[in-house]
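Novice: Input: one structure, supplied below.
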Amino acid sequence: MTDSVKIESILHEDRIFLPQKNFDERISGAYINSTEAYDEMYARSVKDPDGFWGDVADELDWFERWDTVSSGTFQDSKWFEGGKTNICHNCIDRHINMGHGDTTAIIWEGEPCGSDGPEVQKISYYDLHARVCKFANALKSQGVKKGDVVTIYMGMVPELAIATLACARIGAPHSVIFGGFSSQAIADRVNDANSSVVITCDGSWRRGKIVPLKNNVDAATELTDVIKTVIVLKRCENEITWLEGRDFWWHDVCESQEEDCQCEQMDAEDMLFLLYTSGSTGKPKGIIHTTGGYMVYTYLTSKWVFNLKPDCDQIYWCTADIGWITGHSYIIYGVMQNRVPTVMYEGAPNFPESDRFWDIVERHKVTQFYTAPTAIRAFMKWGDEFPAKHDLSSLVLLGTVGEPINPEAWMWYREVIGSNNCPIVDTWWQTETGGHMLTPIPGATSTTPGSCTTPFFGVDAAVVNEDGSEVETNAGGLLVVRKPWPGILRGIYGDRERFIETYFGRVEGMYLAGDSARRDENGNFWIMGRIDDVINVSGHRLGTMEVESSLVSHESIVEAAVVGVPHEIKGTGIAAFCTLARGFEASEELKKTLIAHVANEIGAIAKPDVLKFTDALPKTRSGKIMRRLLRDVAAGTDSKQDVTTLEDFTVLAKLRAED
Ligand code: WTA
């Protein structure tokens, strides 16, 4: 810890790591290499956002130049209006046009490890162009037109990236559904988006087992009649059922297609994709991102936060699934625009052994590595001997995303994975923000374990009271952004009212992130947690209401309350309190049935870690469930909460006595 200095601080965390001096040499020069440079550039980005973002957009290709860089308020924010472009062109064709067709675009590794090691594909821009064009033509021949929402429910195979890029190429917004979600979740999303074409795989590999994706899609077609066409990639060769006229093999629809397909000229504000995410109430909401702003924002955040440099032997790996925003922005779009090879790994971190990630880092010589705190905590638990087996010296930068990282995990990451020689970028952002919002800039920002530090360029973030006034240093408050940025969501699909109310209804004139935060005396932001009924399980957003609805949809349950509970690996686990219907008895077996029921309704990520039966739930006299008391019970703590409004004290005593 040679470059750490101690400061006088009221915080528990007082370790500060100055921008790494040798970082520059290790990555052939940092784009931004001093705090002063950051300060100066940041000041310009907020004073003259149009000048700043216009310059960035100029680094990319446009079929027609924009008239205005930005316009509108938060509720109708527009970027690069009048401009025409295509993000697929900027991810692929632009590089080919500049003579880089033979450069590797994607390095893909399958999960199964035969005697010759795992299957690896290195896909050049030429190859990718041909495969994307073929599939884009196949989609067209299936009747897909500009503006049609195409649903993608696949494992982490190259064709998942190919499918999203093909959709972008022809202007059909994609809606990617994480392969861990269930048939009900597919049906809900397909219905909401009125998406008649679904692309899937026969199965996907996960920890040596086959996830039956096609079966799940079949089950979804029983729940909705919106799905008319299913395109199936053969991956696991597992047995599947087939409906002639609806189901088509990927290889069949691609077979006779041309290897060229012109990019659709997209208006900057044409929809690029929809991505469903959990909110505090009801069904997941379809977050809308459009073409130009998202393109420019993911391009620049990838470039400067990960210091991506083409032609410098960099290999970048983000371990997220493309089913989440992290995969959209930082496996595909942002990274590919920067012409640095992006690694895609199909399977689990502990298959066949707990060193699989480190094995991948070593074999592919990964330079920038981006993962989630939940994974880091799992690695810590599995033991240092797994990373120790591998040469990780190729690494120059480490990143995290998805949830607050506890300082011990941050330090372990830095010491054990980064050999104290890699800056860590703890990136705070959301599905709604499109890209990084609060993050260190490697080479420029001093970091402190647990803090996502300072705003990215053009981001006017603050911690405020309900009236929009800034809170004092180190006081908790609402995390907001006070000015639109290019990557901001443009709406919730089909629900303008919910869009306005959720993000702009509480603090006048500001974007409400839904997180609470504080800012320390160095100006660093610390995320404290969600302020709504959303929990963050293993870095994945889940609405507690979604889990509750699924529990009460079971005949044995009349009422359920779900809260987050601290969990060693997941960060937050799920605790469910359930009231039984008449005629049902509490039993271990019923518990198991209910947990399986939730997995079936939503997906395995929503399985309660703790499930308790109770005669009644603690409520206020006006009938509101007192979740904070349940959080205490679930965590086994007693924070001496104010219980004066509790209606029936015996309920609480019984719940506590049960363990
Ligand atoms: C949380 C994921 C602390 C936060 C990109 C946010 C974080 C939600 C961080 C968004 C971080 C994400 N530190 N908390 N670095 N990154 N979060 O939409 O609560 O899946 O609101 O986007 O994750 O989750 P989402």
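By convention here, the chains of the structure tokens are called A, B, ... in the order presented, each chain's residues are numbered starting at 1, and ligands are numbered starting at 1 in the order presented.
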Could you list, as a PyMOL selection string, all protein and nucleic acid residues with an atom at most 7 Å from ligand 1, counting only C-alpha atoms and all ligand atoms?

Specialist: chain A and resi 277+324-326+400-405+426-432+452+513-515+527+529-530+536+539-541

Novice: Restricted to C-alpha atoms, what would the selected residues look like written as a compact mmCIF listing (two decimals), in the first residue's frame?

Specialist:
# COMPACT_ATOMS: atom_id res chain seq x y z
CA THR A 277 -36.06 -3.61 -15.35
CA TRP A 324 -28.65 -6.80 -18.36
CA ILE A 325 -27.78 -3.22 -19.27
CA THR A 326 -24.13 -3.79 -18.34
CA THR A 400 -17.02 -3.14 -10.59
CA VAL A 401 -20.71 -2.45 -11.09
CA GLY A 402 -24.16 -3.32 -9.85
CA GLU A 403 -24.17 -2.67 -6.12
CA PRO A 404 -22.09 -0.98 -3.46
CA ILE A 405 -18.79 -2.76 -2.94
CA ASP A 426 -16.30 1.45 -9.13
CA THR A 427 -18.95 2.55 -11.61
CA TRP A 428 -22.38 3.67 -10.41
CA TRP A 429 -25.10 3.75 -13.04
CA GLN A 430 -28.47 2.25 -13.95
CA THR A 431 -30.46 0.69 -16.77
CA GLU A 432 -32.05 4.12 -17.10
CA CYS A 452 -17.84 5.39 -6.66
CA ALA A 513 -32.17 7.86 -9.38
CA GLY A 514 -34.02 5.97 -6.65
CA ASP A 515 -30.85 5.58 -4.57
CA ILE A 527 -24.24 5.02 -2.49
CA GLY A 529 -29.07 1.95 -0.96
CA ARG A 530 -32.41 2.10 -2.72
CA ASN A 536 -30.35 -5.46 -5.36
CA GLY A 539 -26.24 -6.90 -8.40
CA HIS A 540 -29.56 -7.65 -10.10
CA ARG A 541 -32.53 -5.41 -9.59

Novice: Excluding Arg518 in chain A and its own-chain neighbours fewer than 4 positions away, which residues fall within 6 Å of it when counting only C-alpha atoms? Please give them as a compact mmCIF listing (two decimals) with N, CA, C and O atoms, in the first residue's frame.

Specialist:
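Output file selection.txt follows:
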# COMPACT_ATOMS: atom_id res chain seq x y z
N ASN A 474 -21.57 14.78 3.91
CA ASN A 474 -21.74 13.52 4.64
C ASN A 474 -23.15 13.24 5.15
O ASN A 474 -23.38 12.21 5.79
N ALA A 475 -24.09 14.12 4.86
CA ALA A 475 -25.47 13.82 5.24
C ALA A 475 -26.12 13.01 4.12
O ALA A 475 -25.84 13.23 2.94
N GLY A 476 -26.96 12.06 4.51
CA GLY A 476 -27.64 11.23 3.51
C GLY A 476 -28.75 12.01 2.83
O GLY A 476 -29.35 12.91 3.43
N PHE A 525 -18.86 10.51 -3.89
CA PHE A 525 -20.20 9.98 -3.62
C PHE A 525 -20.11 8.58 -3.02
O PHE A 525 -19.27 7.78 -3.41
N TRP A 526 -21.01 8.31 -2.08
CA TRP A 526 -21.16 6.99 -1.47
C TRP A 526 -22.62 6.58 -1.62
O TRP A 526 -23.51 7.28 -1.12

Novice: Find the spatial neighbours of Arg26 in chain A, counting only C-alpha atoms, within a cut-off of 9 Å - ignore same-chain residues fewer than 4 positions away - and output them as a PyMOL selection string.

Specialist: chain A and resi 22+30+396

Novice: Those same residues - C-alpha atoms - I'd like them written as a PDB file, in the first residue's frame.

Specialist:
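To be explicit, this is the file written out as result.pdb:
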ATOM      1  CA  ASN A  22       2.731   3.702 -13.604  1.00  0.00           C
ATOM      2  CA  ALA A  30      -3.840   7.311 -20.136  1.00  0.00           C
ATOM      3  CA  VAL A 396      -4.078  -3.205 -16.021  1.00  0.00           C
TER       4      VAL A 396
END

Novice: Here is a test: counting only C-alpha atoms, which residue of A:Phe135, A:Asp67, A:Thr447, A:Pro173 is nearest to Asn524 in chain A?

Specialist: A:Thr447

Novice: So, with only C-alpha atoms as the atoms that count, which of A:Pro352, A:Pro618, A:Gly279, A:Gly468 lies closest to Thr502 in chain A?

Specialist: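 Of A:Pro352, A:Pro618, A:Gly279, A:Gly468, the one nearest Thr502 in chain A, counting only C-alpha atoms, is A:Gly279.
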
Novice: As a PyMOL selection string, list the residues of range 364-584 of chain A assigned to helix (DSSP H, G or I) by DSSP on the backbone atoms of this structure.

Specialist: chain A and resi 364+373-382+385-388+407-417+431-433+496-504+544-552

Novice: Identify, on the basis of only C-alpha atoms, every residue whose closest approach to range 646-655 of chain A does not exceed 7 Å; exclude the query and any residue fewer than 4 positions from it along the same chain; express the result as a list in words.

Specialist: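 So the residues in contact are Thr614, Ala616, Leu617, Pro618, Lys619, Thr620 and Arg621 of chain A.
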
Novice: Go ahead and save the picked residues with N, CA, C and O atoms, as a tab-separated table (two decimals), in the first residue's frame.

Specialist:
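Dumped everything to result-v3.tsv:
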chain	number	residue	atom	x	y	z
A	614	THR	N	-46.26	-16.87	8.93
A	614	THR	CA	-46.68	-16.08	10.08
A	614	THR	C	-48.20	-15.95	10.06
A	614	THR	O	-48.81	-15.96	9.00
A	616	ALA	N	-49.83	-13.39	11.03
A	616	ALA	CA	-50.18	-12.03	10.61
A	616	ALA	C	-48.90	-11.26	10.35
A	616	ALA	O	-47.83	-11.64	10.83
A	617	LEU	N	-49.01	-10.19	9.59
A	617	LEU	CA	-47.84	-9.35	9.32
A	617	LEU	C	-47.95	-8.09	10.17
A	617	LEU	O	-49.06	-7.62	10.44
A	618	PRO	N	-46.82	-7.54	10.61
A	618	PRO	CA	-46.90	-6.32	11.41
A	618	PRO	C	-47.39	-5.15	10.55
A	618	PRO	O	-46.81	-4.89	9.51
A	619	LYS	N	-48.46	-4.54	11.01
A	619	LYS	CA	-49.05	-3.45	10.21
A	619	LYS	C	-49.28	-2.21	11.05
A	619	LYS	O	-49.45	-2.30	12.26
A	620	THR	N	-49.35	-1.10	10.36
A	620	THR	CA	-49.73	0.13	11.05
A	620	THR	C	-51.25	0.10	11.23
A	620	THR	O	-51.93	-0.73	10.62
A	621	ARG	N	-51.73	1.04	12.02
A	621	ARG	CA	-53.18	1.05	12.22
A	621	ARG	C	-53.92	1.33	10.92
A	621	ARG	O	-55.07	0.98	10.76

Novice: Can you pull out every residue from range 71-196 of chain A that DSSP, working from the backbone, puts in strand (DSSP E or B), and format the result as a count of residues only?

Specialist: 34

Novice: Pick from A:Asp532, A:Glu346, A:Thr445, A:Asp391: nearest to Cys113 in chain A, with only C-alpha atoms counted?

Specialist: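 Closest residue, counting only C-alpha atoms: A:Glu346.
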
Novice: Mind pulling up the distance from CA of Thr439 in chain A to CA of Ser393 in chain A?

Specialist: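 These two atoms are separated by 23.9 Å.
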
Novice: At a cut-off of 7 Å, using only C-alpha atoms, what residues contact range 596-612 of chain A? Leave out same-chain residues fewer than 6 positions from it and give the result as a ChimeraX atom specification.

Specialist: /A:180-182,184-185,547,550-551,573-578

Novice: Excluding Ser28 in chain A and any residue of its chain fewer than 5 positions from it, enumerate the residues within 12 Å of it, using only C-alpha atoms, and give them as an MDAnalysis selection string.

Specialist: chainID A and resid 22:23 33 307:314 396 443

Novice: As a list in words, please: the residues near Ser549 in chain A (cut-off 10 Å, only C-alpha atoms, same-chain neighbours under 2 positions excluded).

Specialist: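 Within the cut-off, the hits are Gly282, Lys283, Thr544, Met545, Glu546, Val547, Leu551, Val552, Ser553, His554, Glu559, Ala560, Ala561, Val562, Val598 and Glu601 of chain A.
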
Novice: Could you build a table of the residues in range 164-199 of chain A lying no more than 10 Å from range 243-249 of chain A, giving for each the nearest pair of atoms and their separation in Å rounded to one decimal place, using only C-alpha atoms, ordered by chain and ascending residue number, as a tab-separated table?

Specialist:
residue	atom	partner	partner_atom	distance
A:Val197	CA	A:Arg246	CA	9.5
A:Val198	CA	A:Asp247	CA	9.6
A:Ile199	CA	A:Phe248	CA	9.5

Novice: Those same residues - N, CA, C and O atoms - I'd like them written as a short mmCIF file (atom, residue, chain, number, x, y, z; two decimals), in the first residue's frame.

Specialist:
data_model
loop_
_atom_site.label_atom_id
_atom_site.label_comp_id
_atom_site.auth_asym_id
_atom_site.auth_seq_id
_atom_site.Cartn_x
_atom_site.Cartn_y
_atom_site.Cartn_z
N VAL A 197 -41.77 -11.69 -32.68
CA VAL A 197 -40.64 -12.56 -33.04
C VAL A 197 -39.74 -12.76 -31.83
O VAL A 197 -39.32 -11.79 -31.18
N VAL A 198 -39.46 -14.03 -31.52
CA VAL A 198 -38.57 -14.35 -30.40
C VAL A 198 -37.38 -15.15 -30.94
O VAL A 198 -37.57 -16.10 -31.70
N ILE A 199 -36.19 -14.74 -30.54
CA ILE A 199 -34.98 -15.49 -30.93
C ILE A 199 -34.46 -16.20 -29.68
O ILE A 199 -34.30 -15.58 -28.63
#

Novice: One number please: CA of Lys365 in chain A to CA of Trp317 in chain A, in Å, one decimal.

Specialist: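 Straight-line distance from CA of Lys365 in chain A to CA of Trp317 in chain A works out to 10.0 Å.
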